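Novice: Structure below; questions to follow.
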There are 2 protein chains.
Amino acid sequence: MPSYTAPTKDMQFLLHDVLNVTGSDIPGYEELEADFTNAILEEAGKISSEVLTPLNVVGDKEGCTLENGVVRTPTGFKAAFEQLKEGGWPGIDMPEQYGGQNMPAVIGTAVGEMFSSANQAFAMYHGLTHGAASAILAHGTDAQKDTYLPKMIACDWTGTMNLTEPHCGTDLGLMRTKAEPQDDGSYKISGQKIFISAGEHDMSDNIIHLVLAKIDGAPEGIKGVSLFIVPKFMVNEDGSLGDRNGAAVGNIEEKMGIHGNSTCVMNYDSATGFLLGEENKGMRAMFTMMNEARLGVGMQGLSQAEAAYQNAVAYAKDRLQGRDVTGVKNPEGPADPLIVHPDIRRSLMDQKSFAEGGRAFLLWGASLIDQAHRSKDADADGLVSLLTPVIKGFLTDEGYDMTVQAQQVYGGHGYIEEWGMSQFTRDARIAMIYEGANGVQALDLVGRKLGADGGKHVMAFFELVKNFCKENAGISESYAKEFIEPLKTASKDLQAAGMYFMQAGVKNPNHALAGSYDFMHLFGHVCLGLMWARMGKAAHAALEAGASDAAFYETKLTTGRYYMARRLPATGMHLARIQSGADTVMALDAESF
Amino acid sequence: MPSYTAPTKDMQFLLHDVLNVTGSDIPGYEELEADFTNAILEEAGKISSEVLTPLNVVGDKEGCTLENGVVRTPTGFKAAFEQLKEGGWPGIDMPEQYGGQNMPAVIGTAVGEMFSSANQAFAMYHGLTHGAASAILAHGTDAQKDTYLPKMIACDWTGTMNLTEPHCGTDLGLMRTKAEPQDDGSYKISGQKIFISAGEHDMSDNIIHLVLAKIDGAPEGIKGVSLFIVPKFMVNEDGSLGDRNGAAVGNIEEKMGIHGNSTCVMNYDSATGFLLGEENKGMRAMFTMMNEARLGVGMQGLSQAEAAYQNAVAYAKDRLQGRDVTGVKNPEGPADPLIVHPDIRRSLMDQKSFAEGGRAFLLWGASLIDQAHRSKDADADGLVSLLTPVIKGFLTDEGYDMTVQAQQVYGGHGYIEEWGMSQFTRDARIAMIYEGANGVQALDLVGRKLGADGGKHVMAFFELVKNFCKENAGISESYAKEFIEPLKTASKDLQAAGMYFMQAGVKNPNHALAGSYDFMHLFGHVCLGLMWARMGKAAHAALEAGASDAAFYETKLTTGRYYMARRLPATGMHLARIQSGADTVMALDAESF
């Protein structure tokens, strides 16, 4: 059975050596002393390894079952959920006013990665609740906040997001779910929603569904969509639970993975709903949740890659097969461990350099969110908006590929369910799809985010890379050659792609859109290149300062060199694909496929 | 439920326009008139679509069950197997002497692709039998051939390959299964084998296991391994079945996919076995099977990509979501079909250009086998030996990626088992692993095949590409620019990689091995580039000649242009990775992972 050890040391390195959190002026960051964050990360890591990891295979094997409208989660899930609640983990980065611990997103994200690495299907129950609570926090009335948030932040009640219908996912303008206004100001919601994660289960007293629907007479399309709070059980004035609402699970989907999470078809039959935010502004309200959810999904991609990588390493050290061509390494044994073989290392280094680079990217993104929200910094907000589709699309695509590579290290055993490596790939697969399939992330990036505010944010990103290169090229000759030069080259490729979009996309938007997916990956590589350059710099500084744990920092530098030398050259390929334009992509008639 | 239509037209194009089979002097090719091959392909296609495809999801859902030592295959499998046998399909390219139809491998491969696209798990039952029969054909005594081949070629008896043991897969020198010589010339085989496809099932009267084992006192390691025929039921002098042999299924593995095939743990308990080939030369005999099996596995990768692609196209045409940014395409509908969107097309073109290019590569490989065997052409044998790891590794890696892309087109529905797209990826995943994991293919390619016969075969490949470019650059200006130039560039990258291996690999073999996986992919792209150049040439010629089906040939040219412009630039990235050498790959201590 796979195991998992939380990468607390790496997270501490990122928080303190790279992001220098206590040196930041973001409100709340001053409390993040190394001892304090270490205590949090160690504790979350312990729960992850000891409580959530053993339940991961249980969830995969048992799945969720629906009987007479009641969904049963896998054995042990409810007890673990209680333990998580008791520790206050679900509300770690939620406001104190509603029972949270008010820590920055950067801490919530680090902890979230651990929980998700240990058990993605499980972590979704409180993850979705967090998203739903955030939407109520941002758009709810004071009364709504008082009614729902304390219970949701404590996870006594969980939350869901209801967007997709059988005939529409990405194109929500086609939505058919209706909301009929009632005299008391509430609405009657009727319609069917599909793919509702944690839509029904046995771990909480109530479930607060956030449901997109169209009010009678609303404008056509996406502009006529509103968001509603639809509780499973009505909530009385005194906060106690009342009647069962007309929201019921119709079916549990049989999925490729995340079996431990109940993915429901939800039927709303004149269910009582309460408008959240303004009429016909449902998409705006939902997007509060979606952006947060997209970072959370990017995190899932990374989290599965990390967990799979750890197990691939363990297997590669343990399994004896063949001999090192440069000389026997395990003369007492019948063969050398797999890890001596160059191609196994190539795979492990791909995985390691992605996991550590991706983690840096994710925590940087979370720190930008903190800067945007806590310091009210519009530039940080613009930058993280730009990066959100990259974090979601790149980290989930690459994260998935890394789980496949980790599985491959196991040879035939990787294909046998008993060994647990298949589950990482099957679970990771969903992250490329939900919260906006990755093609939609690419469209969001190129079609919307690039040009937002006159292209200001992407220009700021380029400026940031340029300045970093300028300021740090002098660190050492080898650092300049191994880190700065490749980053410059990759960044130039990204700029050239942006330039191509501007020039060719003006004539025909398809020239930009046909390259959107490659652009997302190109952008992702530049971001990870930047992250490795920053980590390399921090490692260099630590070694210069005579850090006691020199091996840790040397390993960082080596891993960074690998990413720079072996992964960054992908930018040239993506640029070539982009610059080939839309002609070959769009040339065929639909019938010719 | 997914559907499948055999690509008979594309196969006819490859056989006649590209490979020009009837113009070849390979014995047996003279019979392959277009009408004749069309009749075979149409008939095989019909069985594939109508009989095997509907059973694909059944096999996935039901799997195989083991009860009291009896394995039950999924509902309908046995009847379909009978139908296949009645049609003589399993022996289509086997010698007439033993009841086969003696057709060339190029036909057997085309038909095999169809069966595998329709139902990979099912096709493995006769696929493995074919491999086992080939080994007996190549290494058996006349008596062995007479005893086993007629029954196996008719698939009254099926065959298996037994290599892997729990502690060894790639490194078979570690094998523990023992063979004790008996006075009558037979052996008693004892040991445990795992991952035995079709090891036990209810579709044939007997199962002929080919088992690798070590004879008492044999040399250490791989040089002491022999191959044995171990029938499930002993065969009497008159060919009737006798006693049950000591070969029994211990367990059925629970796998990620190919649930319809029974993957068994096989226990041999003093089972009677008969030496196949020479003592201690078991690996050589097994490799007859392995090379054939590797091409067959490459075919599986391609076959799943093709089937998944067809369904992705159907969904992309059917599903209405969003509007074409360049203008509404379906004004009567609430939205345009997915296929209008550039990124969906990018994905479909990746898939289409791979499937058609991969098919050309595979059939070219099969025709080289025919040339090697039927024309006793040592050069063709050397070339196909060189290409075998590329066909296996590249087509299965890429084939898998394409199933993932096809699944992605379905959005959320791609993750729901009911829609069937998940099965394509889960089934395709195994092809990257078995018959030598793809890392082992890369090692075989770089460590063995490149330097074989003094590098003669890789030089011949380069010469072949060079001559093709020289001879065909004059076809037209656009053809030279769109096909020949990119092929030249890609081929130069491959040569540069080979040169790097020669120069750096001499100093340290790790410099070559650390780039082996990238080299395999680089080589694969050059091969598909060559295939597209050949197909482009053939399409060009057909259009010049005023072919009636101009649209088909125009589509070929467009698809080829896509591959050349959008996929071939990957060679530059692989070269950069290769040329970065082994330093960053090998730098870390095992403990630093």
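Starting from 1 in every chain, residues are counted up; chains themselves are A, B, ... following the order of the structure tokens, and ligands are numbered from 1 as listed.
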Per residue of chain A within 6 Å of chain B, what are the shortest atom pair and its distance in Å to one decimal, counting only C-alpha atoms, with rows by chain and residue number, as a tab-separated table?
Specialist:
residue	atom	partner	partner_atom	distance
A:Asp171	CA	B:Gln321	CA	5.4
A:Glu254	CA	B:Glu417	CA	5.8
A:Lys255	CA	B:Ile416	CA	4.5
A:Met256	CA	B:Tyr415	CA	5.6
A:Gln321	CA	B:Asp171	CA	5.4
A:Gly322	CA	B:Asp171	CA	5.4
A:Pro342	CA	B:Ala514	CA	4.8
A:Asp343	CA	B:Ala514	CA	5.5
A:Arg346	CA	B:Val585	CA	5.6
A:Gly411	CA	B:Ile433	CA	5.8
A:Tyr415	CA	B:Met256	CA	5.6
A:Ile416	CA	B:Lys255	CA	4.5
A:Glu417	CA	B:Lys255	CA	5.3
A:Ile433	CA	B:Gly411	CA	5.8
A:Leu513	CA	B:Pro342	CA	5.8
A:Ala514	CA	B:Pro342	CA	4.8
A:Tyr562	CA	B:Thr584	CA	5.1
A:Arg566	CA	B:Arg577	CA	4.8
A:Pro569	CA	B:Met573	CA	5.6
A:Ala570	CA	B:Met573	CA	5.6
A:Met573	CA	B:Pro569	CA	5.6
A:Arg577	CA	B:Arg566	CA	4.8
A:Thr584	CA	B:Tyr562	CA	5.1
A:Val585	CA	B:Arg346	CA	5.6
Novice: Can you list, as number ranges by chain, all residues belonging to region 205-432 of chain A that DSSP tags as helix (DSSP H, G or I)?
Specialist: A: 221-224, 282-318, 338-340, 342-374, 378-409, 411-415, 417-419, 421-431
Novice: Where does DSSP see strand (DSSP E or B) in region 236-470 of chain B, if you list the residues as a tab-separated table (two decimals) with C-alpha atoms, in the first residue's frame?
Specialist:
chain	number	residue	atom	x	y	z
B	241	LEU	CA	-6.26	-34.77	-24.33
B	242	GLY	CA	-4.97	-36.73	-21.36
B	243	ASP	CA	-4.39	-35.91	-17.72
B	244	ARG	CA	-4.41	-32.50	-16.21
B	247	ALA	CA	-0.11	-26.01	-14.02
B	248	ALA	CA	-2.78	-24.09	-12.14
B	249	VAL	CA	-4.01	-20.56	-11.82
B	250	GLY	CA	-3.36	-19.17	-8.34
B	251	ASN	CA	-5.14	-15.86	-8.65
B	252	ILE	CA	-6.50	-13.34	-11.12
B	255	LYS	CA	-5.90	-4.45	-12.94
B	263	THR	CA	-4.20	-11.97	-16.06
B	264	CYS	CA	-3.14	-14.89	-13.92
B	265	VAL	CA	-0.70	-15.86	-11.27
B	266	MET	CA	0.35	-19.32	-12.51
B	267	ASN	CA	1.70	-21.98	-10.20
B	268	TYR	CA	3.75	-24.79	-11.71
B	269	ASP	CA	4.02	-27.72	-9.36
B	270	SER	CA	6.17	-30.46	-10.90
B	271	ALA	CA	4.34	-29.80	-14.13
B	272	THR	CA	5.52	-31.80	-17.10
B	273	GLY	CA	7.31	-29.63	-19.60
B	274	PHE	CA	9.07	-30.24	-22.91
B	275	LEU	CA	12.16	-28.35	-23.93
B	320	LEU	CA	-23.27	21.83	-28.72
B	337	PRO	CA	-20.73	21.96	-32.05
B	416	ILE	CA	-17.69	8.79	-16.15
Novice: May I have the residues within 10 Å of region 278-285 of chain B as number ranges by chain, using only C-alpha atoms and disregarding those fewer than 2 positions away in the same chain?
Specialist: B: 134-136, 138-140, 163, 172-173, 211-215, 218-219, 222-228, 275-276, 287-290
Novice: To one decimal place in Å, what is the distance between CA of Pro389 (chain B) and CA of Phe361 (chain B)?
Specialist: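 Pair CA of Pro389 (chain B) / CA of Phe361 (chain B) returns 12.5 Å.
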Novice: Would you kindly return, as a list in words, each protein, DNA or RNA residue with an atom no farther than 8 Å from any atom of Pro181 (chain A), considering only C-alpha atoms and excluding same-chain residues fewer than 3 positions away?
Specialist: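 Surrounding residues, per the criterion: Gly185, Ser186, Tyr187, Lys188, Ile215 and Asp216 of chain A.
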Novice: Limited to N, CA, C and O atoms, could you put the picked residues into a file as a PDB file, in the first residue's frame?
Specialist:
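Below is the file that was written, out_1.pdb:
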ATOM      1  N   GLY A 185     -39.759  36.336  -0.822  1.00  0.00           N
ATOM      2  CA  GLY A 185     -38.400  36.713  -1.228  1.00  0.00           C
ATOM      3  C   GLY A 185     -37.530  35.523  -1.577  1.00  0.00           C
ATOM      4  O   GLY A 185     -36.440  35.685  -2.127  1.00  0.00           O
ATOM      5  N   SER A 186     -37.981  34.324  -1.267  1.00  0.00           N
ATOM      6  CA  SER A 186     -37.209  33.134  -1.651  1.00  0.00           C
ATOM      7  C   SER A 186     -37.580  32.728  -3.074  1.00  0.00           C
ATOM      8  O   SER A 186     -38.392  33.376  -3.735  1.00  0.00           O
ATOM      9  N   TYR A 187     -36.984  31.637  -3.540  1.00  0.00           N
ATOM     10  CA  TYR A 187     -37.246  31.142  -4.891  1.00  0.00           C
ATOM     11  C   TYR A 187     -37.518  29.642  -4.819  1.00  0.00           C
ATOM     12  O   TYR A 187     -37.055  28.958  -3.904  1.00  0.00           O
ATOM     13  N   LYS A 188     -38.249  29.166  -5.815  1.00  0.00           N
ATOM     14  CA  LYS A 188     -38.389  27.722  -5.959  1.00  0.00           C
ATOM     15  C   LYS A 188     -37.475  27.292  -7.098  1.00  0.00           C
ATOM     16  O   LYS A 188     -37.640  27.732  -8.249  1.00  0.00           O
ATOM     17  N   ILE A 215     -33.769  32.906 -13.264  1.00  0.00           N
ATOM     18  CA  ILE A 215     -35.033  33.427 -12.753  1.00  0.00           C
ATOM     19  C   ILE A 215     -35.974  33.644 -13.946  1.00  0.00           C
ATOM     20  O   ILE A 215     -35.529  34.069 -15.017  1.00  0.00           O
ATOM     21  N   ASP A 216     -37.239  33.341 -13.761  1.00  0.00           N
ATOM     22  CA  ASP A 216     -38.223  33.523 -14.840  1.00  0.00           C
ATOM     23  C   ASP A 216     -38.069  34.911 -15.445  1.00  0.00           C
ATOM     24  O   ASP A 216     -38.052  35.911 -14.727  1.00  0.00           O
TER      25      ASP A 216
END
